[in-house]
Structures are given as C-alpha cells and as structure tokens.
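One structure is given below, encoded as structure tokens.
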Amino acid sequence: MSLPYGATLALQSLRREKWINLISVLTIASALLIISIAVFVVYNIDAATRSLPERFSMVLYLDDDIQKDRVDGIISTLRRNSAVRSVRYIPKDEALRELKAVLKNSTYVFEGLDENPLPDTLELKLRKEAVGPEAARKLSDEALRIKGVREVDYGEKFLATLHSLRTGAKTVGIVLIVILSTGIVFVCYSTVKILFYRRKDEIETFKLLGATRAFIRAPFLIEGGAIGLAGGLIGLIGIFAFYYAVLLRLSVSMPVFKAVLFPSGLFLFLPGVGIFLGVTGAAVALGRLRY
Amino acid sequence: MDLIQFQAVGKDYDNQTALRDITLSVGKGEMIFITGPSGSGKTTLLKLVYLAEKPDRGAILIGDVEMETLREAQIPLLRRTIGVVFQDFRLLDNKNVFENIAIALRIRGISEKEVKTKVFDTLKMVNLRHKADAYPRALSGGEQQRVVISRAIVADPTVLLADEPTGNLDPGTAEGVMRIFKEINARGTTVLIATHNRELYRNTGRRVFTLDSGSLVGEVRG
C-alpha cells in the first residue's frame, strides 16, 4: 500500500520545506479565522432570533358587540388553519384589565372613560415555519376575510426587519465563506505546485522506477490535508482566544456580550474544512501538473 | 526465446536522428553489450526499453507486448519488471542508502518486513551493508554505483539495463561491478549493458552490438 509510505514522504516534506509550509498554514489559519468569525456572527444572530417564533403573536380585533357563537365560529375556523398553533380569546373586559395592570402607574389615562374602548380580540400563536413576512401576511389576509374580524396586527415591519437581518447575515456569511475557501484552495494549490517542482527530480526517479500516479500523488494530497488541518487548528485557537480574551472581557463592562455563544460545531468544522480545502487545493494542483 | 525485440526502430531529437533503423533482439536470460562512441545512441536505445522515450519509427516488443500499445497506466507495471542502472545514478540526496534502495520495493507495495530483508540481502551482495545509513554524498563514486545497482536488482527484475555502469570507476572497482552483473545474469535476469569500455566485454563470449551515429554497424562476440 502506498498510503503509509506516502504519509512518511509527506511528513518528511513538511519538515524539509517547513518555511513554505508554515507560511501556507498561517495564511490558511487567517482565512479560516475570518470564516469562523462569520460563522460566529451568523450563529449568534440565528440563536438570538430562534426563540422569537414562540413569542410572536398575531392579534385579531373583532367587531363591536360580536356574538359569542360567532367568536366560537371564528376560533374554530382559525384552528383549522395549518399556520396557527393556538388561539386565545381575550374579551374586551379582560383586555382592559390587562391594560390597566400594565399601566398601573399611569391611571390618569383611564380617567373620564365611561365605557370600555377596547374591542374583543383573538391572540394567535403561529407555528415556527409560519413566522415570516410572507406566511404572516397570507394568514393576516385570510383572517381579514373572516366575517367579524375587523383588523389584524402582527408587527409587519418587525418581522420584515428580522427576516432581512437573518437573510442578510447568512448571505454575507456564505459569500465570505465561498471567497475565502477559494483563497485557501488557491494557497494549497500554489504550495503543492511549488513543492512538486522542488521535488521534480525525485518524482522523475520514482516514475522511472515504476511508481504509479497514485503513489506520486498520495504524499502531496496528505501534505495538502495536513497543511489545511494545521491551518484549521490554529484558526480554532484564534477564534477561541477571540471569544475568551475579547468577548468575555467586554461582557464585564457591556452585559449584552454575555449573550454571545460559542458555536461548538466549530471544533469539528474548522479542522474538517481545513483538511477538505487543503486536499482539494492539492488535487487541483496535481490535476493541472504534467508528470 | 526473444525477450526484447527492436524492429526497424528510429528516434529523432529536434530533427537530429539519434537512432536509425535499429533491428535487434535479445534472448531471455542473455547478457549483451551495446558499445560505440559518445553520442552514438546507446543511452537512447536503453531509454526506449524502459519507456523514458518513445520511438518515432518502428516497434519495440518486450515479450509479446508491443510497447506502443501500452496504456499510460500500464507503463509503471512494465517498468517494475526492469531494473535500471542510470548513467547519472539518480540517487536521492535526502535519503540514506537503505532508503534509496528500499524505494524500489515500496513503489511495488512490498511489506516493510520484506523490504528490510531484501535491502540488506542486496547490500550484502554488493558489499555495502555497513553503509546502509550513509547518505549518497558521503559515498565514493564506486560505492554510489553499487547503491544504484542494488536499487536496480533489489526487486528481482526480469531485465537489467546498465548505462555506462563503470563510467568513472577504477579498473578494480569496475571488475567488481561486472562480477555483480554476471551473478545477476546467472540467476536468469536478462542484462543489457551500454558501455564504451572494451575491457568489460573482451573475452566474455557475449554478443556485442556496435552503434555509430545512431546506426547499428556491427554485431560480434566479445
């Protein structure tokens, strides 16, 4: 098997060409560090907004003096809708009581009110997948078509902003990952190409002695993977240092940073991506070289 | 039975003819010499056998396989049946003697245990066992030559090609190298030696092919 000996040759080359390899490793580590910061930001935005669907609700204001059986009819219609998780009926009296409890320090607001100005309302909790600008608007339109529903309020702008924030962060993250990944592949490609030319005589001898292409390629693929792995591990140390030395220190003076989470998936992601991109760069280089 | 056949083979380099209409055959287990002045085409002829070059005209057969019909992936397999003593040695400077010889076996995927046994057996045969850990630059010309021979024979090739194997060696060392070739040949390996040193083939009784300016100009018994 050529693989174990291929690994030996790769190790020897890593040692012999330590400066070229070190520069490549540090370049890859820097790129992976930026990638991991992007992952970090996207992960935290996602985590911060993940619990919002449970809290999100849509409020339906009902016609004045609506009959109880009509309300029951509306409730059962809404419950049949697949986007709706739960429906809570809030009679106008209860709504006023809740409002007074909220505004207990501002009772002057209610002075002079002879009758309850609030309408009967229905509070809808939506299923997770329905909490989005499109789905919420669709449900709102459907609700407005139900007889007895006067108005619907669901924080349209808030939902749209939230959606844009998540999509924007993900898009920027993906673009960054693609650009930097291409850069890493190129670094590995160039490194392997340089190493290949530096070992050209040795490779020629191997060929004349009967080495197959697989035997010649194996050490370079292993070396590419090892460079990528080292870059990934250093990048991981970098993001770890960033988290502990910067974010946790900042959280002492700015408590908002206490909510920042470390994406545990990075432990496997960074070394894994490093190996993958390193091997890919080496494979591309070997595919383009004539030997 | 012929093991190697050249049928009207020609080879050009940049419009200069290196070999012209060469027809010869070498029997299985035979030992032959190819001689001629520098630039006569000896090295090119050997390179055609181990497929470092391809002929521009004619056909070369090893056994009953025509080289021209070989696919790219089959070339390494054919090369594994051939041991080559290169004129410029082609030793790997960053590997010691043991590693330089072992590479020929590792390419063939032979187990480490067998690699050790075979390499040390071969080093013993060429009287270099004590130099196993030395690097090529620390060896004399004769010692380097014997390392190259060891690498060429360690995998028991069917054919051994030697290009000027005694090039810069003193007569005593050259005699020792020839003794090794005869020993290998006696084991059944077909041996082709390209040399301009007449002393190597004189009174051997072997066939000697003479090249001049790329043409085969004579075949005699040494």
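Here, A, B, ... name the chains of the structure tokens in the order displayed, residue numbers run from 1 inside each chain, and ligands are numbered from 1 in the same displayed order.
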
Enumerate the residues of region 4-82 of chain B with a DSSP assignment of strand (DSSP E), computed from the backbone, and present them as a PDB file with all heavy atoms, in the first residue's frame.
```pdb
ATOM      1  N   ILE B   4      13.461  -9.181 -25.804  1.00  0.00           N
ATOM      2  CA  ILE B   4      13.381  -7.794 -26.284  1.00  0.00           C
ATOM      3  C   ILE B   4      13.636  -7.785 -27.794  1.00  0.00           C
ATOM      4  O   ILE B   4      14.597  -8.395 -28.263  1.00  0.00           O
ATOM      5  CB  ILE B   4      14.444  -6.904 -25.582  1.00  0.00           C
ATOM      6  CG1 ILE B   4      14.231  -6.940 -24.060  1.00  0.00           C
ATOM      7  CG2 ILE B   4      14.377  -5.464 -26.097  1.00  0.00           C
ATOM      8  CD1 ILE B   4      15.360  -6.329 -23.266  1.00  0.00           C
ATOM      9  N   GLN B   5      12.734  -7.116 -28.493  1.00  0.00           N
ATOM     10  CA  GLN B   5      12.923  -7.005 -29.953  1.00  0.00           C
ATOM     11  C   GLN B   5      12.791  -5.559 -30.400  1.00  0.00           C
ATOM     12  O   GLN B   5      11.821  -4.895 -30.042  1.00  0.00           O
ATOM     13  CB  GLN B   5      11.852  -7.828 -30.683  1.00  0.00           C
ATOM     14  CG  GLN B   5      11.999  -9.327 -30.525  1.00  0.00           C
ATOM     15  CD  GLN B   5      10.890 -10.051 -31.262  1.00  0.00           C
ATOM     16  OE1 GLN B   5      10.801  -9.972 -32.475  1.00  0.00           O
ATOM     17  NE2 GLN B   5      10.035 -10.721 -30.509  1.00  0.00           N
ATOM     18  N   PHE B   6      13.767  -5.120 -31.165  1.00  0.00           N
ATOM     19  CA  PHE B   6      13.701  -3.813 -31.831  1.00  0.00           C
ATOM     20  C   PHE B   6      13.442  -4.093 -33.309  1.00  0.00           C
ATOM     21  O   PHE B   6      14.199  -4.834 -33.930  1.00  0.00           O
ATOM     22  CB  PHE B   6      15.034  -3.061 -31.687  1.00  0.00           C
ATOM     23  CG  PHE B   6      15.161  -2.294 -30.402  1.00  0.00           C
ATOM     24  CD1 PHE B   6      15.097  -2.946 -29.185  1.00  0.00           C
ATOM     25  CD2 PHE B   6      15.359  -0.925 -30.413  1.00  0.00           C
ATOM     26  CE1 PHE B   6      15.225  -2.238 -28.000  1.00  0.00           C
ATOM     27  CE2 PHE B   6      15.491  -0.210 -29.234  1.00  0.00           C
ATOM     28  CZ  PHE B   6      15.419  -0.869 -28.026  1.00  0.00           C
ATOM     29  N   GLN B   7      12.372  -3.538 -33.865  1.00  0.00           N
ATOM     30  CA  GLN B   7      12.061  -3.777 -35.272  1.00  0.00           C
ATOM     31  C   GLN B   7      12.104  -2.442 -36.028  1.00  0.00           C
ATOM     32  O   GLN B   7      11.187  -1.637 -35.920  1.00  0.00           O
ATOM     33  CB  GLN B   7      10.676  -4.415 -35.401  1.00  0.00           C
ATOM     34  CG  GLN B   7      10.607  -5.791 -34.745  1.00  0.00           C
ATOM     35  CD  GLN B   7       9.196  -6.356 -34.699  1.00  0.00           C
ATOM     36  OE1 GLN B   7       8.218  -5.660 -34.977  1.00  0.00           O
ATOM     37  NE2 GLN B   7       9.094  -7.631 -34.348  1.00  0.00           N
ATOM     38  N   ALA B   8      13.189  -2.213 -36.733  1.00  0.00           N
ATOM     39  CA  ALA B   8      13.378  -1.003 -37.556  1.00  0.00           C
ATOM     40  C   ALA B   8      13.063   0.274 -36.762  1.00  0.00           C
ATOM     41  O   ALA B   8      12.331   1.154 -37.212  1.00  0.00           O
ATOM     42  CB  ALA B   8      12.511  -1.073 -38.806  1.00  0.00           C
ATOM     43  N   VAL B   9      13.645   0.355 -35.562  1.00  0.00           N
ATOM     44  CA  VAL B   9      13.322   1.464 -34.653  1.00  0.00           C
ATOM     45  C   VAL B   9      14.140   2.717 -34.990  1.00  0.00           C
ATOM     46  O   VAL B   9      15.345   2.642 -35.242  1.00  0.00           O
ATOM     47  CB  VAL B   9      13.588   1.044 -33.189  1.00  0.00           C
ATOM     48  CG1 VAL B   9      13.447   2.251 -32.247  1.00  0.00           C
ATOM     49  CG2 VAL B   9      12.620  -0.056 -32.778  1.00  0.00           C
ATOM     50  N   GLY B  10      13.450   3.859 -35.010  1.00  0.00           N
ATOM     51  CA  GLY B  10      14.117   5.141 -35.229  1.00  0.00           C
ATOM     52  C   GLY B  10      13.675   6.153 -34.185  1.00  0.00           C
ATOM     53  O   GLY B  10      12.562   6.099 -33.671  1.00  0.00           O
ATOM     54  N   LYS B  11      14.603   7.052 -33.840  1.00  0.00           N
ATOM     55  CA  LYS B  11      14.287   8.080 -32.848  1.00  0.00           C
ATOM     56  C   LYS B  11      14.994   9.379 -33.219  1.00  0.00           C
ATOM     57  O   LYS B  11      16.189   9.376 -33.536  1.00  0.00           O
ATOM     58  CB  LYS B  11      14.729   7.595 -31.455  1.00  0.00           C
ATOM     59  CG  LYS B  11      14.568   8.621 -30.346  1.00  0.00           C
ATOM     60  CD  LYS B  11      13.123   8.826 -29.993  1.00  0.00           C
ATOM     61  CE  LYS B  11      12.950   9.973 -29.014  1.00  0.00           C
ATOM     62  NZ  LYS B  11      11.545  10.344 -28.857  1.00  0.00           N
ATOM     63  N   ASP B  12      14.260  10.477 -33.189  1.00  0.00           N
ATOM     64  CA  ASP B  12      14.848  11.788 -33.517  1.00  0.00           C
ATOM     65  C   ASP B  12      14.728  12.715 -32.313  1.00  0.00           C
ATOM     66  O   ASP B  12      13.771  12.648 -31.552  1.00  0.00           O
ATOM     67  CB  ASP B  12      14.081  12.446 -34.691  1.00  0.00           C
ATOM     68  CG  ASP B  12      14.109  11.576 -35.927  1.00  0.00           C
ATOM     69  OD1 ASP B  12      15.090  10.842 -36.106  1.00  0.00           O
ATOM     70  OD2 ASP B  12      13.118  11.611 -36.706  1.00  0.00           O
ATOM     71  N   TYR B  13      15.691  13.601 -32.181  1.00  0.00           N
ATOM     72  CA  TYR B  13      15.601  14.696 -31.211  1.00  0.00           C
ATOM     73  C   TYR B  13      15.791  15.996 -31.983  1.00  0.00           C
ATOM     74  O   TYR B  13      16.863  16.206 -32.567  1.00  0.00           O
ATOM     75  CB  TYR B  13      16.715  14.600 -30.156  1.00  0.00           C
ATOM     76  CG  TYR B  13      16.565  13.462 -29.175  1.00  0.00           C
ATOM     77  CD1 TYR B  13      17.537  12.472 -29.095  1.00  0.00           C
ATOM     78  CD2 TYR B  13      15.481  13.387 -28.320  1.00  0.00           C
ATOM     79  CE1 TYR B  13      17.430  11.434 -28.184  1.00  0.00           C
ATOM     80  CE2 TYR B  13      15.368  12.347 -27.398  1.00  0.00           C
ATOM     81  CZ  TYR B  13      16.342  11.381 -27.340  1.00  0.00           C
ATOM     82  OH  TYR B  13      16.246  10.358 -26.434  1.00  0.00           O
ATOM     83  N   GLN B  16      17.269  15.866 -35.258  1.00  0.00           N
ATOM     84  CA  GLN B  16      18.537  15.131 -35.346  1.00  0.00           C
ATOM     85  C   GLN B  16      18.244  13.674 -35.063  1.00  0.00           C
ATOM     86  O   GLN B  16      17.584  13.345 -34.082  1.00  0.00           O
ATOM     87  CB  GLN B  16      19.513  15.669 -34.312  1.00  0.00           C
ATOM     88  CG  GLN B  16      20.347  16.850 -34.818  1.00  0.00           C
ATOM     89  CD  GLN B  16      21.730  16.828 -34.205  1.00  0.00           C
ATOM     90  OE1 GLN B  16      21.836  16.655 -32.998  1.00  0.00           O
ATOM     91  NE2 GLN B  16      22.770  16.991 -35.021  1.00  0.00           N
ATOM     92  N   THR B  17      18.769  12.829 -35.925  1.00  0.00           N
ATOM     93  CA  THR B  17      18.498  11.400 -35.751  1.00  0.00           C
ATOM     94  C   THR B  17      19.395  10.814 -34.670  1.00  0.00           C
ATOM     95  O   THR B  17      20.626  10.891 -34.770  1.00  0.00           O
ATOM     96  CB  THR B  17      18.716  10.651 -37.082  1.00  0.00           C
ATOM     97  OG1 THR B  17      17.874  11.274 -38.046  1.00  0.00           O
ATOM     98  CG2 THR B  17      18.345   9.187 -36.969  1.00  0.00           C
ATOM     99  N   ALA B  18      18.743  10.257 -33.612  1.00  0.00           N
ATOM    100  CA  ALA B  18      19.503   9.636 -32.526  1.00  0.00           C
ATOM    101  C   ALA B  18      19.668   8.142 -32.786  1.00  0.00           C
ATOM    102  O   ALA B  18      20.701   7.549 -32.466  1.00  0.00           O
ATOM    103  CB  ALA B  18      18.798   9.860 -31.196  1.00  0.00           C
ATOM    104  N   LEU B  19      18.642   7.540 -33.362  1.00  0.00           N
ATOM    105  CA  LEU B  19      18.704   6.124 -33.713  1.00  0.00           C
ATOM    106  C   LEU B  19      18.085   5.937 -35.098  1.00  0.00           C
ATOM    107  O   LEU B  19      17.052   6.554 -35.405  1.00  0.00           O
ATOM    108  CB  LEU B  19      17.941   5.263 -32.697  1.00  0.00           C
ATOM    109  CG  LEU B  19      18.589   5.031 -31.324  1.00  0.00           C
ATOM    110  CD1 LEU B  19      17.664   4.205 -30.443  1.00  0.00           C
ATOM    111  CD2 LEU B  19      19.945   4.348 -31.448  1.00  0.00           C
ATOM    112  N   ARG B  20      18.722   5.087 -35.889  1.00  0.00           N
ATOM    113  CA  ARG B  20      18.258   4.918 -37.270  1.00  0.00           C
ATOM    114  C   ARG B  20      18.061   3.437 -37.578  1.00  0.00           C
ATOM    115  O   ARG B  20      19.008   2.665 -37.488  1.00  0.00           O
ATOM    116  CB  ARG B  20      19.301   5.537 -38.210  1.00  0.00           C
ATOM    117  CG  ARG B  20      18.911   5.620 -39.661  1.00  0.00           C
ATOM    118  CD  ARG B  20      20.023   6.267 -40.498  1.00  0.00           C
ATOM    119  NE  ARG B  20      20.155   7.690 -40.211  1.00  0.00           N
ATOM    120  CZ  ARG B  20      21.268   8.274 -39.789  1.00  0.00           C
ATOM    121  NH1 ARG B  20      22.353   7.568 -39.595  1.00  0.00           N
ATOM    122  NH2 ARG B  20      21.318   9.580 -39.563  1.00  0.00           N
ATOM    123  N   ASP B  21      16.827   3.042 -37.822  1.00  0.00           N
ATOM    124  CA  ASP B  21      16.518   1.709 -38.351  1.00  0.00           C
ATOM    125  C   ASP B  21      17.205   0.570 -37.571  1.00  0.00           C
ATOM    126  O   ASP B  21      17.870  -0.273 -38.153  1.00  0.00           O
ATOM    127  CB  ASP B  21      16.955   1.696 -39.834  1.00  0.00           C
ATOM    128  CG  ASP B  21      16.256   0.588 -40.609  1.00  0.00           C
ATOM    129  OD1 ASP B  21      15.157   0.184 -40.196  1.00  0.00           O
ATOM    130  OD2 ASP B  21      16.827   0.115 -41.611  1.00  0.00           O
ATOM    131  N   ILE B  22      17.018   0.592 -36.271  1.00  0.00           N
ATOM    132  CA  ILE B  22      17.666  -0.430 -35.422  1.00  0.00           C
ATOM    133  C   ILE B  22      16.800  -1.691 -35.357  1.00  0.00           C
ATOM    134  O   ILE B  22      15.639  -1.638 -34.965  1.00  0.00           O
ATOM    135  CB  ILE B  22      17.877   0.093 -33.984  1.00  0.00           C
ATOM    136  CG1 ILE B  22      18.689   1.380 -33.960  1.00  0.00           C
ATOM    137  CG2 ILE B  22      18.478  -0.975 -33.086  1.00  0.00           C
ATOM    138  CD1 ILE B  22      20.148   1.221 -34.298  1.00  0.00           C
ATOM    139  N   THR B  23      17.412  -2.800 -35.734  1.00  0.00           N
ATOM    140  CA  THR B  23      16.717  -4.086 -35.598  1.00  0.00           C
ATOM    141  C   THR B  23      17.653  -5.027 -34.846  1.00  0.00           C
ATOM    142  O   THR B  23      18.761  -5.295 -35.303  1.00  0.00           O
ATOM    143  CB  THR B  23      16.356  -4.665 -36.989  1.00  0.00           C
ATOM    144  OG1 THR B  23      15.460  -3.767 -37.633  1.00  0.00           O
ATOM    145  CG2 THR B  23      15.692  -6.029 -36.849  1.00  0.00           C
ATOM    146  N   LEU B  24      17.197  -5.431 -33.695  1.00  0.00           N
ATOM    147  CA  LEU B  24      17.990  -6.406 -32.930  1.00  0.00           C
ATOM    148  C   LEU B  24      17.074  -7.132 -31.950  1.00  0.00           C
ATOM    149  O   LEU B  24      15.954  -6.685 -31.674  1.00  0.00           O
ATOM    150  CB  LEU B  24      19.145  -5.726 -32.178  1.00  0.00           C
ATOM    151  CG  LEU B  24      18.853  -4.664 -31.110  1.00  0.00           C
ATOM    152  CD1 LEU B  24      18.563  -5.303 -29.764  1.00  0.00           C
ATOM    153  CD2 LEU B  24      20.081  -3.765 -30.951  1.00  0.00           C
ATOM    154  N   SER B  25      17.537  -8.238 -31.467  1.00  0.00           N
ATOM    155  CA  SER B  25      16.739  -8.947 -30.468  1.00  0.00           C
ATOM    156  C   SER B  25      17.664  -9.494 -29.374  1.00  0.00           C
ATOM    157  O   SER B  25      18.831  -9.802 -29.642  1.00  0.00           O
ATOM    158  CB  SER B  25      15.926 -10.071 -31.116  1.00  0.00           C
ATOM    159  OG  SER B  25      16.795 -10.937 -31.794  1.00  0.00           O
ATOM    160  N   VAL B  26      17.101  -9.584 -28.191  1.00  0.00           N
ATOM    161  CA  VAL B  26      17.866 -10.089 -27.044  1.00  0.00           C
ATOM    162  C   VAL B  26      17.074 -11.245 -26.439  1.00  0.00           C
ATOM    163  O   VAL B  26      15.877 -11.100 -26.146  1.00  0.00           O
ATOM    164  CB  VAL B  26      18.054  -8.970 -25.976  1.00  0.00           C
ATOM    165  CG1 VAL B  26      18.896  -9.475 -24.815  1.00  0.00           C
ATOM    166  CG2 VAL B  26      18.666  -7.718 -26.591  1.00  0.00           C
ATOM    167  N   GLY B  27      17.770 -12.368 -26.284  1.00  0.00           N
ATOM    168  CA  GLY B  27      17.078 -13.550 -25.767  1.00  0.00           C
ATOM    169  C   GLY B  27      16.877 -13.494 -24.263  1.00  0.00           C
ATOM    170  O   GLY B  27      17.599 -12.772 -23.555  1.00  0.00           O
ATOM    171  N   MET B  31      22.973 -11.957 -21.816  1.00  0.00           N
ATOM    172  CA  MET B  31      23.664 -10.745 -21.375  1.00  0.00           C
ATOM    173  C   MET B  31      24.355 -10.167 -22.605  1.00  0.00           C
ATOM    174  O   MET B  31      25.175 -10.857 -23.219  1.00  0.00           O
ATOM    175  CB  MET B  31      24.680 -11.096 -20.296  1.00  0.00           C
ATOM    176  CG  MET B  31      25.436  -9.903 -19.764  1.00  0.00           C
ATOM    177  SD  MET B  31      26.421 -10.467 -18.347  1.00  0.00           S
ATOM    178  CE  MET B  31      27.287  -9.013 -17.912  1.00  0.00           C
ATOM    179  N   ILE B  32      23.984  -8.951 -22.977  1.00  0.00           N
ATOM    180  CA  ILE B  32      24.583  -8.369 -24.186  1.00  0.00           C
ATOM    181  C   ILE B  32      25.226  -7.018 -23.859  1.00  0.00           C
ATOM    182  O   ILE B  32      24.892  -6.400 -22.848  1.00  0.00           O
ATOM    183  CB  ILE B  32      23.546  -8.188 -25.316  1.00  0.00           C
ATOM    184  CG1 ILE B  32      22.470  -7.161 -24.903  1.00  0.00           C
ATOM    185  CG2 ILE B  32      22.911  -9.501 -25.745  1.00  0.00           C
ATOM    186  CD1 ILE B  32      22.142  -6.189 -25.977  1.00  0.00           C
ATOM    187  N   PHE B  33      26.082  -6.580 -24.753  1.00  0.00           N
ATOM    188  CA  PHE B  33      26.723  -5.267 -24.596  1.00  0.00           C
ATOM    189  C   PHE B  33      26.365  -4.395 -25.794  1.00  0.00           C
ATOM    190  O   PHE B  33      26.259  -4.897 -26.913  1.00  0.00           O
ATOM    191  CB  PHE B  33      28.247  -5.428 -24.512  1.00  0.00           C
ATOM    192  CG  PHE B  33      28.690  -6.124 -23.260  1.00  0.00           C
ATOM    193  CD1 PHE B  33      28.767  -7.535 -23.207  1.00  0.00           C
ATOM    194  CD2 PHE B  33      29.030  -5.402 -22.134  1.00  0.00           C
ATOM    195  CE1 PHE B  33      29.166  -8.177 -22.057  1.00  0.00           C
ATOM    196  CE2 PHE B  33      29.444  -6.052 -20.971  1.00  0.00           C
ATOM    197  CZ  PHE B  33      29.502  -7.428 -20.929  1.00  0.00           C
ATOM    198  N   ILE B  34      26.162  -3.138 -25.530  1.00  0.00           N
ATOM    199  CA  ILE B  34      25.969  -2.174 -26.611  1.00  0.00           C
ATOM    200  C   ILE B  34      27.114  -1.186 -26.481  1.00  0.00           C
ATOM    201  O   ILE B  34      27.300  -0.581 -25.418  1.00  0.00           O
ATOM    202  CB  ILE B  34      24.613  -1.446 -26.479  1.00  0.00           C
ATOM    203  CG1 ILE B  34      23.483  -2.472 -26.523  1.00  0.00           C
ATOM    204  CG2 ILE B  34      24.424  -0.405 -27.586  1.00  0.00           C
ATOM    205  CD1 ILE B  34      22.285  -2.052 -25.725  1.00  0.00           C
ATOM    206  N   THR B  35      27.854  -1.047 -27.531  1.00  0.00           N
ATOM    207  CA  THR B  35      29.013  -0.168 -27.453  1.00  0.00           C
ATOM    208  C   THR B  35      29.010   0.848 -28.585  1.00  0.00           C
ATOM    209  O   THR B  35      28.162   0.781 -29.492  1.00  0.00           O
ATOM    210  CB  THR B  35      30.317  -1.015 -27.450  1.00  0.00           C
ATOM    211  OG1 THR B  35      31.412  -0.166 -27.146  1.00  0.00           O
ATOM    212  CG2 THR B  35      30.538  -1.713 -28.771  1.00  0.00           C
ATOM    213  N   ARG B  57       9.795   5.793 -35.013  1.00  0.00           N
ATOM    214  CA  ARG B  57       9.514   4.832 -36.085  1.00  0.00           C
ATOM    215  C   ARG B  57       9.778   3.419 -35.565  1.00  0.00           C
ATOM    216  O   ARG B  57      10.535   3.248 -34.621  1.00  0.00           O
ATOM    217  CB  ARG B  57      10.442   5.092 -37.296  1.00  0.00           C
ATOM    218  CG  ARG B  57      10.201   6.425 -37.993  1.00  0.00           C
ATOM    219  CD  ARG B  57      11.290   6.731 -39.026  1.00  0.00           C
ATOM    220  NE  ARG B  57      12.597   6.915 -38.426  1.00  0.00           N
ATOM    221  CZ  ARG B  57      13.001   8.035 -37.798  1.00  0.00           C
ATOM    222  NH1 ARG B  57      12.166   9.063 -37.688  1.00  0.00           N
ATOM    223  NH2 ARG B  57      14.213   8.121 -37.278  1.00  0.00           N
ATOM    224  N   GLY B  58       9.136   2.443 -36.213  1.00  0.00           N
ATOM    225  CA  GLY B  58       9.373   1.050 -35.875  1.00  0.00           C
ATOM    226  C   GLY B  58       8.626   0.615 -34.609  1.00  0.00           C
ATOM    227  O   GLY B  58       7.789   1.364 -34.075  1.00  0.00           O
ATOM    228  N   ALA B  59       8.948  -0.608 -34.142  1.00  0.00           N
ATOM    229  CA  ALA B  59       8.242  -1.163 -32.981  1.00  0.00           C
ATOM    230  C   ALA B  59       9.230  -1.834 -32.035  1.00  0.00           C
ATOM    231  O   ALA B  59      10.254  -2.373 -32.459  1.00  0.00           O
ATOM    232  CB  ALA B  59       7.204  -2.166 -33.460  1.00  0.00           C
ATOM    233  N   ILE B  60       8.883  -1.763 -30.739  1.00  0.00           N
ATOM    234  CA  ILE B  60       9.685  -2.453 -29.717  1.00  0.00           C
ATOM    235  C   ILE B  60       8.765  -3.427 -28.986  1.00  0.00           C
ATOM    236  O   ILE B  60       7.663  -3.042 -28.580  1.00  0.00           O
ATOM    237  CB  ILE B  60      10.296  -1.448 -28.720  1.00  0.00           C
ATOM    238  CG1 ILE B  60      11.189  -0.444 -29.455  1.00  0.00           C
ATOM    239  CG2 ILE B  60      11.091  -2.165 -27.627  1.00  0.00           C
ATOM    240  CD1 ILE B  60      11.606   0.742 -28.605  1.00  0.00           C
ATOM    241  N   LEU B  61       9.209  -4.643 -28.857  1.00  0.00           N
ATOM    242  CA  LEU B  61       8.413  -5.651 -28.141  1.00  0.00           C
ATOM    243  C   LEU B  61       9.179  -6.144 -26.922  1.00  0.00           C
ATOM    244  O   LEU B  61      10.374  -6.437 -27.007  1.00  0.00           O
ATOM    245  CB  LEU B  61       8.094  -6.833 -29.050  1.00  0.00           C
ATOM    246  CG  LEU B  61       6.977  -6.656 -30.072  1.00  0.00           C
ATOM    247  CD1 LEU B  61       7.500  -6.028 -31.342  1.00  0.00           C
ATOM    248  CD2 LEU B  61       6.328  -7.995 -30.370  1.00  0.00           C
ATOM    249  N   ILE B  62       8.476  -6.238 -25.818  1.00  0.00           N
ATOM    250  CA  ILE B  62       9.054  -6.892 -24.636  1.00  0.00           C
ATOM    251  C   ILE B  62       8.172  -8.099 -24.391  1.00  0.00           C
ATOM    252  O   ILE B  62       6.972  -7.953 -24.141  1.00  0.00           O
ATOM    253  CB  ILE B  62       9.073  -5.969 -23.413  1.00  0.00           C
ATOM    254  CG1 ILE B  62       9.878  -4.704 -23.734  1.00  0.00           C
ATOM    255  CG2 ILE B  62       9.569  -6.706 -22.179  1.00  0.00           C
ATOM    256  CD1 ILE B  62      10.982  -4.334 -22.829  1.00  0.00           C
ATOM    257  N   VAL B  65       4.538  -8.198 -25.890  1.00  0.00           N
ATOM    258  CA  VAL B  65       3.797  -6.931 -25.752  1.00  0.00           C
ATOM    259  C   VAL B  65       4.470  -5.840 -26.578  1.00  0.00           C
ATOM    260  O   VAL B  65       5.663  -5.559 -26.387  1.00  0.00           O
ATOM    261  CB  VAL B  65       3.746  -6.479 -24.267  1.00  0.00           C
ATOM    262  CG1 VAL B  65       3.000  -5.152 -24.125  1.00  0.00           C
ATOM    263  CG2 VAL B  65       3.106  -7.548 -23.412  1.00  0.00           C
ATOM    264  N   GLU B  66       3.718  -5.244 -27.478  1.00  0.00           N
ATOM    265  CA  GLU B  66       4.278  -4.132 -28.239  1.00  0.00           C
ATOM    266  C   GLU B  66       4.137  -2.869 -27.394  1.00  0.00           C
ATOM    267  O   GLU B  66       3.027  -2.526 -26.968  1.00  0.00           O
ATOM    268  CB  GLU B  66       3.558  -3.972 -29.581  1.00  0.00           C
ATOM    269  CG  GLU B  66       4.381  -3.099 -30.494  1.00  0.00           C
ATOM    270  CD  GLU B  66       3.683  -2.720 -31.786  1.00  0.00           C
ATOM    271  OE1 GLU B  66       2.915  -3.545 -32.305  1.00  0.00           O
ATOM    272  OE2 GLU B  66       3.891  -1.583 -32.224  1.00  0.00           O
ATOM    273  N   ILE B  82      11.689  -4.070 -14.951  1.00  0.00           N
ATOM    274  CA  ILE B  82      13.005  -3.666 -15.459  1.00  0.00           C
ATOM    275  C   ILE B  82      13.787  -2.942 -14.357  1.00  0.00           C
ATOM    276  O   ILE B  82      13.263  -2.046 -13.713  1.00  0.00           O
ATOM    277  CB  ILE B  82      12.844  -2.708 -16.669  1.00  0.00           C
ATOM    278  CG1 ILE B  82      12.049  -3.407 -17.787  1.00  0.00           C
ATOM    279  CG2 ILE B  82      14.196  -2.234 -17.182  1.00  0.00           C
ATOM    280  CD1 ILE B  82      11.623  -2.471 -18.903  1.00  0.00           C
TER     281      ILE B  82
END
```

Practice prompt. Output as a VMD selection string the set of chain A residues within 8 Å of chain B, with distances taken over only C-alpha atoms.
Written response: chain A and resid 1 to 2 5 202 205 to 212 215

Response to the item:
Min atom-atom distance to Thr189 (chain B) from the set B:Leu211, B:Leu48, B:Leu3, B:Leu70, counting only C-alpha atoms, belongs to B:Leu3

Worksheet item: Could you pull out all residues of region 9-110 of chain A with a DSSP call of helix (DSSP H, G or I) and give them as a PyMOL selection string?
Response: chain A and resi 9-16+18-50+52-55+68-79+92-102+107-110

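Between CA of Ala29 (chain A) and CA of Gly235 (chain A) lies a distance of 4.5 Å.
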
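Comparing the minimum interatomic distances between Phe186 (chain A) and each of A:Leu124, A:Asp114, A:Ala160, A:Gly224, counting only C-alpha atoms, we find that A:Gly224 sits nearest.
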